[in-house]
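Student: Coordinates in final27.txt, compact mmCIF, C-alpha atoms, are listed below.
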# COMPACT_ATOMS: atom_id res chain seq x y z
CA MET R 24 62.86 20.27 7.69
CA THR R 25 65.49 20.75 5.02
CA GLN R 26 64.66 22.23 1.62
CA GLU R 27 66.85 19.85 -0.39
CA PRO R 28 65.26 19.10 -3.80
CA LEU R 29 64.02 15.55 -4.34
CA TRP R 30 66.18 14.74 -7.34
CA SER R 31 69.32 15.74 -5.47
CA ILE R 32 68.34 13.46 -2.54
CA PHE R 33 67.72 10.60 -4.97
CA ILE R 34 71.00 11.02 -6.88
CA GLY R 35 72.89 11.53 -3.63
CA ALA R 36 71.61 8.33 -2.06
CA SER R 37 71.93 6.16 -5.15
CA LEU R 38 75.23 7.29 -6.70
CA ILE R 39 77.34 9.76 -4.73
CA ASN R 40 76.86 8.29 -1.27
CA ASN R 41 76.02 4.79 -2.42
CA PHE R 42 75.01 2.83 0.67
CA VAL R 43 77.18 -0.17 -0.13
CA LEU R 44 80.24 1.37 -1.71
CA ALA R 45 80.58 4.61 0.25
CA TYR R 46 78.86 3.92 3.60
CA PHE R 47 79.65 0.18 3.83
CA LEU R 48 76.07 -0.66 4.72
CA GLY R 49 74.68 -4.04 3.73
CA ILE R 50 78.02 -5.68 3.08
CA CYS R 51 76.83 -9.15 4.14
CA PRO R 52 74.20 -9.61 1.39
CA PHE R 53 76.52 -7.73 -0.99
CA LEU R 54 79.17 -10.43 -0.52
CA GLY R 55 76.71 -13.28 -0.07
CA VAL R 56 74.07 -12.93 -2.80
CA SER R 57 76.14 -11.37 -5.55
CA GLY R 58 77.13 -14.67 -7.16
CA LYS R 59 74.33 -14.76 -9.74
CA LEU R 60 72.89 -11.87 -11.71
CA GLU R 61 69.24 -12.95 -11.47
CA THR R 62 69.28 -13.58 -7.71
CA ALA R 63 71.12 -10.32 -7.17
CA SER R 64 68.56 -8.21 -9.01
CA ARG R 65 65.62 -9.83 -7.19
CA MET R 66 67.35 -9.41 -3.85
CA GLY R 67 67.80 -5.76 -4.75
CA GLY R 68 64.06 -5.51 -5.45
CA ALA R 69 63.15 -7.09 -2.11
CA VAL R 70 65.50 -4.78 -0.22
CA THR R 71 64.17 -1.70 -2.05
CA PHE R 72 60.62 -2.64 -1.10
CA VAL R 73 61.53 -3.20 2.56
CA MET R 74 63.36 0.13 2.53
CA LEU R 75 60.32 2.03 1.20
CA VAL R 76 57.95 0.48 3.76
CA SER R 77 60.38 0.85 6.69
CA SER R 78 61.13 4.43 5.75
CA THR R 79 57.43 5.31 5.70
CA CYS R 80 56.81 3.61 9.06
CA ALA R 81 59.96 5.10 10.60
CA TYR R 82 58.82 8.59 9.62
CA GLY R 83 55.49 8.06 11.41
CA ILE R 84 57.05 6.45 14.46
CA ASN R 85 59.61 9.20 14.79
CA ALA R 86 56.87 11.85 14.77
CA LEU R 87 54.97 9.87 17.41
CA LEU R 88 58.04 9.39 19.63
CA ILE R 89 58.82 13.10 19.49
CA ALA R 90 55.18 13.84 20.39
CA ILE R 91 55.29 11.60 23.50
CA ASP R 92 58.85 12.75 24.31
CA ALA R 93 60.53 9.33 24.25
CA PRO R 94 63.40 9.49 21.72
CA TYR R 95 65.29 6.72 23.54
CA LEU R 96 62.76 4.21 22.20
CA ARG R 97 63.67 5.11 18.61
CA LEU R 98 66.18 2.33 17.92
CA ILE R 99 64.01 -0.41 19.42
CA SER R 100 60.86 0.60 17.55
CA PHE R 101 62.70 1.02 14.23
CA ILE R 102 64.17 -2.47 14.41
CA ALA R 103 60.77 -3.91 15.38
CA VAL R 104 59.18 -2.30 12.31
CA ILE R 105 61.92 -3.62 10.02
CA ALA R 106 61.67 -7.13 11.44
CA SER R 107 57.92 -7.26 10.84
CA THR R 108 58.21 -5.86 7.30
CA VAL R 109 60.82 -8.48 6.44
CA GLN R 110 58.55 -11.19 7.85
CA LEU R 111 55.77 -9.90 5.58
CA VAL R 112 57.99 -9.87 2.48
CA GLU R 113 59.23 -13.35 3.31
CA MET R 114 55.69 -14.75 3.47
CA PHE R 115 54.78 -12.94 0.26
CA ILE R 116 57.76 -14.27 -1.72
CA LYS R 117 57.26 -17.79 -0.36
CA LYS R 118 53.67 -17.70 -1.61
CA VAL R 119 54.31 -16.04 -4.99
CA SER R 120 57.64 -17.55 -6.06
CA PRO R 121 58.95 -20.59 -4.15
CA ALA R 122 61.93 -20.81 -6.53
CA LEU R 123 63.10 -17.31 -5.67
CA PHE R 124 62.48 -18.09 -1.99
CA ARG R 125 64.87 -21.03 -2.18
CA SER R 126 67.57 -19.20 -4.12
CA LEU R 127 67.63 -16.29 -1.64
CA GLY R 128 67.82 -18.79 1.23
CA ILE R 129 69.10 -17.54 4.55
CA PHE R 130 69.68 -14.05 3.17
CA LEU R 131 65.96 -13.30 3.05
CA PRO R 132 65.34 -13.33 6.85
CA LEU R 133 68.76 -11.71 7.20
CA ILE R 134 67.40 -8.56 5.51
CA THR R 135 66.31 -7.77 9.09
CA THR R 136 69.94 -7.45 10.09
CA ASN R 137 70.84 -5.63 6.87
CA CYS R 138 72.44 -2.46 8.20
CA ALA R 139 71.44 -0.59 5.05
CA ILE R 140 67.81 -0.55 6.15
CA LEU R 141 68.32 0.45 9.78
CA GLY R 142 70.95 2.90 8.56
CA LEU R 143 68.44 4.44 6.16
CA THR R 144 65.84 5.01 8.89
CA LEU R 145 68.46 6.50 11.23
CA PHE R 146 69.99 8.77 8.58
CA GLN R 147 66.63 10.12 7.43
CA THR R 148 65.80 10.96 11.05
CA ASN R 149 69.17 12.65 11.60
CA LYS R 150 68.83 14.68 8.41
CA GLY R 151 65.33 15.81 9.34
CA TYR R 152 63.72 14.92 6.00
CA GLY R 153 60.02 15.47 5.38
CA PHE R 154 57.72 12.65 4.30
CA VAL R 155 58.19 12.92 0.52
CA GLN R 156 61.91 13.51 0.94
CA CYS R 157 62.08 10.30 3.01
CA LEU R 158 60.47 8.38 0.18
CA ALA R 159 62.94 9.80 -2.36
CA TYR R 160 65.81 8.95 -0.03
CA ALA R 161 64.57 5.36 0.47
CA LEU R 162 64.06 4.87 -3.27
CA GLY R 163 67.53 6.24 -4.01
CA ALA R 164 69.13 4.02 -1.40
CA GLY R 165 67.29 0.97 -2.74
CA VAL R 166 68.26 1.72 -6.34
CA GLY R 167 71.86 2.29 -5.28
CA PHE R 168 71.95 -0.98 -3.38
CA THR R 169 70.48 -2.88 -6.34
CA LEU R 170 72.93 -1.19 -8.71
CA ALA R 171 75.94 -2.18 -6.61
CA LEU R 172 74.68 -5.73 -6.21
CA VAL R 173 73.95 -6.17 -9.94
CA LEU R 174 77.30 -4.70 -11.03
CA MET R 175 79.08 -7.00 -8.60
CA ALA R 176 77.14 -10.06 -9.76
CA GLY R 177 77.96 -9.27 -13.39
CA VAL R 178 81.68 -9.09 -12.66
CA ARG R 179 81.61 -12.25 -10.54
CA GLU R 180 79.76 -14.25 -13.22
CA LYS R 181 82.53 -13.43 -15.67
CA LEU R 182 85.18 -14.13 -13.09
CA GLU R 183 83.92 -17.70 -12.60
CA LEU R 184 85.38 -18.47 -16.03
CA ALA R 185 88.74 -16.79 -15.42
CA SER R 186 91.65 -18.67 -13.93
CA THR R 187 92.61 -17.17 -10.59
CA PRO R 188 95.18 -18.38 -8.05
CA ASP R 189 93.69 -20.53 -5.27
CA VAL R 190 94.74 -18.17 -2.50
CA VAL R 191 92.72 -15.19 -3.70
CA ARG R 192 89.55 -17.12 -4.40
CA GLY R 193 86.44 -16.26 -2.35
CA THR R 194 85.98 -13.26 -0.10
CA ALA R 195 89.39 -11.68 -0.75
CA LEU R 196 88.84 -11.39 -4.50
CA THR R 197 85.28 -10.12 -4.01
CA LEU R 198 86.59 -7.41 -1.68
CA VAL R 199 89.19 -6.27 -4.21
CA ILE R 200 86.47 -5.94 -6.85
CA ALA R 201 84.32 -4.04 -4.36
CA GLY R 202 87.23 -1.68 -3.77
CA LEU R 203 87.58 -1.04 -7.50
CA LEU R 204 83.82 -0.44 -7.82
CA SER R 205 84.05 1.95 -4.90
CA ILE R 206 86.78 3.95 -6.66
CA THR R 207 84.59 4.07 -9.76
CA PHE R 208 81.66 5.42 -7.77
CA MET R 209 83.87 8.17 -6.38
CA GLY R 210 83.76 9.57 -9.89
CA PHE R 211 80.16 10.60 -9.19
CA ALA R 212 81.23 12.98 -6.43
CA GLY R 213 80.13 16.50 -7.25
CA LEU R 214 77.05 15.37 -9.18
CA GLY R 215 73.88 17.05 -8.05
CA GLY R 216 75.64 19.56 -5.79
CA MET I 29 97.07 -30.88 16.27
CA SER I 30 95.87 -34.33 17.37
CA ASP I 31 95.98 -33.23 21.04
CA THR I 32 93.51 -30.41 20.49
CA HIS I 33 91.31 -32.76 18.54
CA LEU I 34 91.17 -35.21 21.48
CA ALA I 35 90.36 -32.41 23.90
CA GLY I 36 87.55 -31.33 21.55
CA ALA I 37 86.07 -34.81 21.56
CA ALA I 38 85.92 -34.82 25.37
CA GLY I 39 83.90 -31.56 25.36
CA PRO I 40 85.55 -28.17 24.86
CA SER I 41 87.19 -26.67 27.94
CA SER I 42 86.31 -23.21 29.23
CA THR I 43 89.62 -21.83 28.00
CA ASP I 44 88.83 -23.18 24.58
CA GLU I 45 85.51 -21.29 24.48
CA PHE I 46 87.53 -18.14 25.10
CA VAL I 47 90.49 -18.82 22.79
CA LYS I 48 88.55 -19.99 19.71
CA GLY I 49 87.22 -16.49 19.00
CA LEU I 50 90.72 -15.04 18.98
CA TRP I 51 92.15 -17.01 16.11
CA ARG I 52 90.58 -20.27 14.94
CA GLU I 53 87.04 -18.88 14.60
CA ASN I 54 87.95 -15.21 14.40
CA PRO I 55 84.67 -13.44 13.56
CA VAL I 56 86.13 -11.11 10.94
CA PHE I 57 89.00 -12.95 9.28
CA VAL I 58 87.56 -16.46 9.32
CA GLN I 59 83.77 -16.17 9.56
CA ALA I 60 83.43 -12.83 7.72
CA LEU I 61 80.71 -11.65 10.12
CA GLY I 62 79.91 -8.07 11.04
CA MET I 63 81.79 -6.59 8.11
CA CYS I 64 79.90 -3.29 7.88
CA PRO I 65 81.31 -1.62 11.03
CA VAL I 66 84.69 -3.23 10.34
CA LEU I 67 84.98 -1.38 7.06
CA ALA I 68 83.15 1.80 7.98
CA VAL I 69 84.79 2.96 11.21
CA SER I 70 88.30 1.59 10.72
CA ASN I 71 89.69 4.76 9.14
CA THR I 72 91.69 5.54 12.29
CA ALA I 73 93.00 3.23 15.01
CA LEU I 74 91.20 5.13 17.77
CA ASN I 75 87.78 4.87 16.10
CA ALA I 76 88.41 1.19 15.48
CA LEU I 77 89.32 0.58 19.12
CA ALA I 78 86.26 2.45 20.43
CA MET I 79 83.95 0.58 18.08
CA GLY I 80 85.55 -2.75 19.04
CA LEU I 81 85.12 -2.10 22.76
CA ALA I 82 81.49 -1.00 22.33
CA THR I 83 80.74 -4.17 20.37
CA LEU I 84 82.61 -6.26 22.96
CA PHE I 85 80.42 -4.86 25.74
CA VAL I 86 77.17 -5.47 23.85
CA LEU I 87 78.28 -8.97 22.86
CA VAL I 88 79.19 -10.05 26.39
CA MET I 89 76.03 -8.56 27.93
CA SER I 90 73.70 -9.97 25.27
CA ASN I 91 75.29 -13.41 25.58
CA ALA I 92 74.82 -13.23 29.36
CA VAL I 93 71.18 -12.08 29.19
CA VAL I 94 70.21 -14.52 26.44
CA SER I 95 71.80 -17.49 28.23
CA LEU I 96 70.01 -16.51 31.46
CA LEU I 97 66.64 -16.24 29.73
CA ARG I 98 67.07 -19.15 27.35
CA ARG I 99 64.59 -21.38 29.19
CA PHE I 100 61.85 -18.74 29.20
CA ILE I 101 61.98 -17.59 25.57
CA PRO I 102 59.51 -19.41 23.30
CA LYS I 103 61.21 -20.84 20.24
CA GLN I 104 58.97 -19.04 17.72
CA VAL I 105 59.76 -15.51 18.87
CA ARG I 106 63.38 -16.03 19.89
CA ILE I 107 64.98 -13.93 17.14
CA ALA I 108 62.69 -10.98 17.87
CA THR I 109 63.47 -11.31 21.59
CA TYR I 110 67.22 -11.39 20.97
CA ILE I 111 66.99 -8.30 18.80
CA LEU I 112 65.04 -6.43 21.48
CA VAL I 113 67.65 -7.40 24.11
CA ILE I 114 70.47 -6.26 21.82
CA ALA I 115 68.68 -3.02 20.88
CA THR I 116 68.23 -2.16 24.58
CA LEU I 117 71.93 -2.74 25.27
CA VAL I 118 72.96 -0.71 22.25
CA THR I 119 70.77 2.20 23.35
CA ILE I 120 72.65 2.13 26.69
CA VAL I 121 76.05 2.14 24.91
CA ASP I 122 74.89 4.91 22.58
CA TYR I 123 74.01 7.23 25.48
CA ALA I 124 77.13 6.18 27.45
CA ILE I 125 79.52 7.11 24.60
CA GLN I 126 77.67 10.38 24.11
CA ALA I 127 78.25 11.15 27.80
CA ILE I 128 81.92 10.09 27.84
CA SER I 129 83.19 11.76 24.67
CA LEU I 130 81.08 13.85 22.36
CA GLU I 131 83.94 14.01 19.85
CA LEU I 132 84.12 10.23 19.57
CA TYR I 133 80.33 10.05 19.32
CA ARG I 134 80.41 12.40 16.33
CA ALA I 135 83.23 10.42 14.66
CA LEU I 136 81.39 7.11 14.98
CA GLY I 137 78.04 8.63 14.07
CA ALA I 138 75.17 6.29 13.31
CA PHE I 139 77.47 3.28 13.45
CA ILE I 140 77.02 2.93 17.21
CA SER I 141 73.29 2.44 16.71
CA LEU I 142 74.08 0.06 13.88
CA ILE I 143 75.71 -2.37 16.34
CA VAL I 144 72.14 -3.69 16.64
CA VAL I 145 72.35 -5.21 13.19
CA ASN I 146 75.87 -6.61 13.58
CA CYS I 147 75.32 -10.21 12.49
CA LEU I 148 78.07 -11.33 14.86
CA ILE I 149 76.03 -10.52 17.98
CA LEU I 150 72.80 -12.10 16.80
CA GLY I 151 74.80 -15.05 15.46
CA ARG I 152 76.44 -15.74 18.83
CA ALA I 153 73.11 -15.36 20.67
CA GLU I 154 71.46 -17.85 18.33
CA SER I 155 74.26 -20.38 17.90
CA PHE I 156 75.93 -20.28 21.31
CA ALA I 157 74.21 -18.41 24.15
CA SER I 158 70.82 -20.02 23.54
CA LYS I 159 72.35 -23.45 24.10
CA ASN I 160 74.93 -22.90 26.83
CA GLY I 161 75.14 -21.73 30.45
CA MET I 162 75.89 -18.18 31.52
CA GLY I 163 79.58 -18.67 32.41
CA ARG I 164 80.45 -20.29 29.11
CA SER I 165 78.41 -17.76 27.15
CA ILE I 166 80.23 -14.85 28.78
CA LEU I 167 83.59 -16.47 27.98
CA ASP I 168 82.47 -17.03 24.41
CA GLY I 169 81.34 -13.40 24.14
CA LEU I 170 84.64 -12.17 25.58
CA GLY I 171 86.69 -14.27 23.15
CA MET I 172 84.66 -13.32 20.09
CA GLY I 173 84.53 -9.67 21.16
CA ILE I 174 88.29 -9.47 21.68
CA GLY I 175 88.88 -11.24 18.38
CA PHE I 176 86.59 -8.69 16.71
CA THR I 177 88.36 -5.77 18.41
CA VAL I 178 91.80 -7.06 17.40
CA ALA I 179 90.66 -7.44 13.79
CA LEU I 180 89.20 -3.93 13.75
CA LEU I 181 92.39 -2.57 15.27
CA ALA I 182 94.54 -4.39 12.70
CA LEU I 183 92.53 -2.79 9.94
CA GLY I 184 92.36 0.64 11.56
CA ALA I 185 96.11 0.71 12.29
CA VAL I 186 97.08 -0.14 8.71
CA ARG I 187 94.66 2.41 7.27
CA GLU I 188 95.79 5.17 9.63
CA ILE I 189 99.51 4.48 9.16
CA PHE I 190 99.32 4.64 5.38
CA GLY I 191 96.45 7.07 5.02
CA ALA I 192 97.51 9.70 7.56
CA GLY I 193 101.07 8.70 8.48
CA SER I 194 100.16 8.39 12.14
CA LEU I 195 99.01 5.85 14.73
CA PHE I 196 96.51 6.86 17.46
CA GLY I 197 97.10 10.43 16.31
CA VAL I 198 100.89 10.25 16.90
CA GLN I 199 102.88 11.26 13.82
CA LEU I 200 105.10 8.38 12.68
CA PHE I 201 106.93 9.59 9.61
CA HIS I 202 109.00 12.54 8.52
CA ASP I 203 107.13 15.51 7.03
CA ALA I 204 108.18 14.41 3.56
CA PHE I 205 105.82 11.41 3.80
CA GLN I 206 102.96 11.78 1.37
CA PRO I 207 99.84 10.17 2.88
CA TRP I 208 97.94 7.73 0.69
CA VAL I 209 94.58 9.45 0.78
CA MET I 210 92.95 6.41 -0.79
CA MET I 211 93.45 4.36 2.38
CA ILE I 212 91.18 6.70 4.37
CA LEU I 213 88.54 6.63 1.62
CA PRO I 214 85.99 3.79 1.43
CA SER I 215 87.89 1.88 -1.26
CA GLY I 216 90.93 1.72 1.04
CA GLY I 217 88.83 -0.20 3.56
CA PHE I 218 87.95 -2.84 0.98
CA PHE I 219 91.57 -3.17 -0.17
CA THR I 220 93.03 -3.38 3.36
CA LEU I 221 90.56 -6.06 4.43
CA ALA I 222 91.25 -7.97 1.21
CA GLY I 223 94.96 -7.73 1.97
CA TRP I 224 94.55 -9.16 5.48
CA LEU I 225 92.33 -11.96 4.18
CA LEU I 226 94.90 -12.82 1.52
CA LEU I 227 97.63 -12.96 4.16
CA PHE I 228 95.60 -15.29 6.37
CA ASN I 229 94.54 -17.49 3.45
CA TRP I 230 98.17 -17.80 2.44
CA LEU I 231 99.30 -18.62 5.99
CA ARG I 232 96.55 -21.22 6.37
CA ALA I 233 97.39 -22.83 3.02
CA ARG I 234 101.04 -23.05 4.06
CA ALA I 235 100.15 -24.55 7.44
CA GLU I 236 97.99 -27.17 5.73
CA ILE I 237 100.78 -28.10 3.34
CA SER I 238 103.31 -28.52 6.16
CA ASN I 239 100.73 -30.48 8.21
CA THR I 240 100.04 -32.95 5.44
CA ALA I 241 103.79 -33.21 4.81
CA THR I 242 104.56 -34.09 8.44
CA SER I 243 101.68 -36.58 8.70
CA ALA I 244 102.86 -38.21 5.45
CA ASP I 245 106.35 -38.45 6.96
CA ALA I 246 104.93 -40.01 10.11
CA LEU I 247 102.98 -42.55 8.04
CA GLU I 248 106.12 -43.51 6.15
CA ALA I 249 108.12 -43.84 9.38
CA THR I 250 105.65 -46.26 10.98
CA PRO I 251 105.98 -49.64 9.24
If you convert what's in this file into structure tokens, what do you get?
Tutor:
Amino acid sequence: MTQEPLWSIFIGASLINNFVLAYFLGICPFLGVSGKLETASRMGGAVTFVMLVSSTCAYGINALLIAIDAPYLRLISFIAVIASTVQLVEMFIKKVSPALFRSLGIFLPLITTNCAILGLTLFQTNKGYGFVQCLAYALGAGVGFTLALVLMAGVREKLELASTPDVVRGTALTLVIAGLLSITFMGFAGLGG
Amino acid sequence: MSDTHLAGAAGPSSTDEFVKGLWRENPVFVQALGMCPVLAVSNTALNALAMGLATLFVLVMSNAVVSLLRRFIPKQVRIATYILVIATLVTIVDYAIQAISLELYRALGAFISLIVVNCLILGRAESFASKNGMGRSILDGLGMGIGFTVALLALGAVREIFGAGSLFGVQLFHDAFQPWVMMILPSGGFFTLAGWLLLFNWLRARAEISNTATSADALEATP
């Protein structure tokens, strides 16, 4: 187990090694759901929740797999946990807020194939974090993901009103903005040690 | 153009299943699927090639297995089943790469395991392999996989040439060349992909303009 302090794990996961802008995890929802500010922030909330639950479960499962000496089952069991958590969140949102459910659309079940979440569970295992450290890492990753998504949505809402050439419209323009955001986030390097 | 359209109406040929993934429905440049590994491991051409081949293998195998089992999988649990099939295959690839080259395994890191959540593979299983026979599904997987590999390689080559002044580790320029460090960094990935997309958008827009021009000419010629 590493002795890294919690705040440094949190800052590291949310700003310095932002999952979207530095590790390229979760690009699909980043490009897909970042059109509107409100949808983006709620999507960020849903992903953060799934991250916290998956991270907790993954910590337990990893301990169990090491105990029964079957590390090759790690990937399969992690993805199974994530898929069931997403199913749970989907049912919950459908019940509580049908409007949000419709606006998230296909991207809600696709949280299962959001690499940010599987990536999180794999990274925390590789880094050998303890239970509380895992939670801090998951929270940081979720906050970082939400931050990137919200920043992107803000820029894109403004951009709707600007006149852009036809050729750059769509994914290409979004990627250029993502590149600029990524450069901005590099400014955080060195924070937190 | 009209010839291909007629052939499509009569049912796509086997060659067409293979060729469509290369250009017309290229997974990266046209469908924008599986972007995460595309951006993350394309900092050198070699990493890009290795990642592309690993994905190609998983894609072909998962298409084959899913199309074989498609009659036995209940509709309600199909996505979970596909993911389990894909996760098993990826575990195999993960251990295989570790055995072949430890250096490559370290360079690719967790991204080999993350092939599981590549939307491209699940997308092909759901939209193609679950509805077609094994032969066609394998062809489809091969085409899409090669299209994916070519796209990754295009990105990796550009980033390595500008970012390190080399290609596959071979030095290309004189010593005086100052590498653009930004191209190796994450933001370089976004910019390079945006550049390729712009190029293809522009080419497609031009092709459409010339197409409409020729068909307008043809309409004028026929009385």
Student: Counting all atoms listed in the file, a student should be able to say which residues of chain I come within 9 Å of chain R; what is the right answer, written as a ChimeraX atom specification?
Tutor: /I:60-68,108,111-112,115-116,118-119,123,138-139,141-147,150,210,213-227,229-230,233
Student: Point out the residue among R:Pro52, R:Gly35, R:Gly58, R:Gly210 with the least atom-to-atom distance to Glu183 of chain R, counting all atoms listed in the file.
Tutor: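 Smallest distance to Glu183 of chain R is found for R:Gly58.
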Student: Report the distance between atom CA of Met89 of chain I and atom CA of Leu74 of chain I in Å, rounded to one decimal place.
Tutor: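 Separating atom CA of Met89 of chain I from atom CA of Leu74 of chain I is a distance of 22.8 Å.
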Student: So that I can check the surroundings of segment 78-92 of chain R, please list as a compact mmCIF listing (two decimals) with C-alpha atoms, in the frame of the given file every protein, DNA and RNA residue that reaches within 7 Å of it, counting only C-alpha atoms and ignoring chain neighbours fewer than 2 positions away.
Tutor:
# COMPACT_ATOMS: atom_id res chain seq x y z
CA MET R 74 63.36 0.13 2.53
CA LEU R 75 60.32 2.03 1.20
CA VAL R 76 57.95 0.48 3.76
CA PRO R 94 63.40 9.49 21.72
CA ARG R 97 63.67 5.11 18.61
CA PHE R 101 62.70 1.02 14.23
CA THR R 144 65.84 5.01 8.89
CA PHE R 154 57.72 12.65 4.30
CA CYS R 157 62.08 10.30 3.01
CA LEU R 158 60.47 8.38 0.18
CA ALA R 161 64.57 5.36 0.47
Student: Of the candidates I:Gly80, I:Gly184, I:Gly161, I:Gly193, which shows the shortest atom-to-atom distance to Val94 of chain I, using only C-alpha atoms?
Tutor: I:Gly161
Student: Set the distance at 6 Å and use all atoms listed in the file: which residues neighbour segment 30-34 of chain R once local chain neighbours fewer than 4 positions away are removed? I'd like the list as an MDAnalysis selection string.
Tutor: chainID R and resid 38 159:160 163 215
Student: Just the number, please: distance in Å from atom CA of Ala241 of chain I to atom CA of Lys48 of chain I, one decimal.
Tutor: 25.1 Å
Student: For Ile120 of chain I, which of I:Ala82, I:Ile212, I:Met162, I:Ala235 is the closest residue, counting only C-alpha atoms?
Tutor: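 When distances to Ile120 of chain I are compared using only C-alpha atoms, the smallest one comes from I:Ala82.
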Student: Write out as number ranges by chain each polymer residue whose atoms come within 9 Å of segment 167-178 of chain I, counting only C-alpha atoms; drop sequence neighbours fewer than 2 positions from it.
Tutor: I: 42-51, 53-57, 62, 66, 76-81, 83-92, 148-149, 152, 156-157, 162-165, 180-183
Student: Mind giving me the straight-line distance from atom CA of Thr108 of chain R to atom CA of Pro132 of chain R in Å, one decimal?
Tutor: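 If I compute the distance from atom CA of Thr108 of chain R to atom CA of Pro132 of chain R, I get 10.3 Å.
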Student: Let me have the centre and edge lengths in Å, one decimal, of the box along x, y and z around every listed atom of segment 220-237 of chain I with 8 Å of margin on each side, as lines of an AutoDock Vina configuration file.
Tutor:
center_x = 95.8
center_y = -15.7
center_z = 4.3
size_x = 26.5
size_y = 40.7
size_z = 22.2
Student: Closest to Ser64 of chain R among R:Gly167, R:Lys181, R:Thr187, R:Ser120, using only C-alpha atoms?
Tutor: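 Looking at the shortest contact to Ser64 of chain R, the residue is R:Gly167.
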Student: For a quick check of understanding, using all atoms listed in the file, which of R:Val166, R:Thr62, R:Glu180, R:Leu174 has the smallest distance to Phe42 of chain R?
Tutor: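 Answer, going by the shortest atom-to-atom distance: R:Val166.
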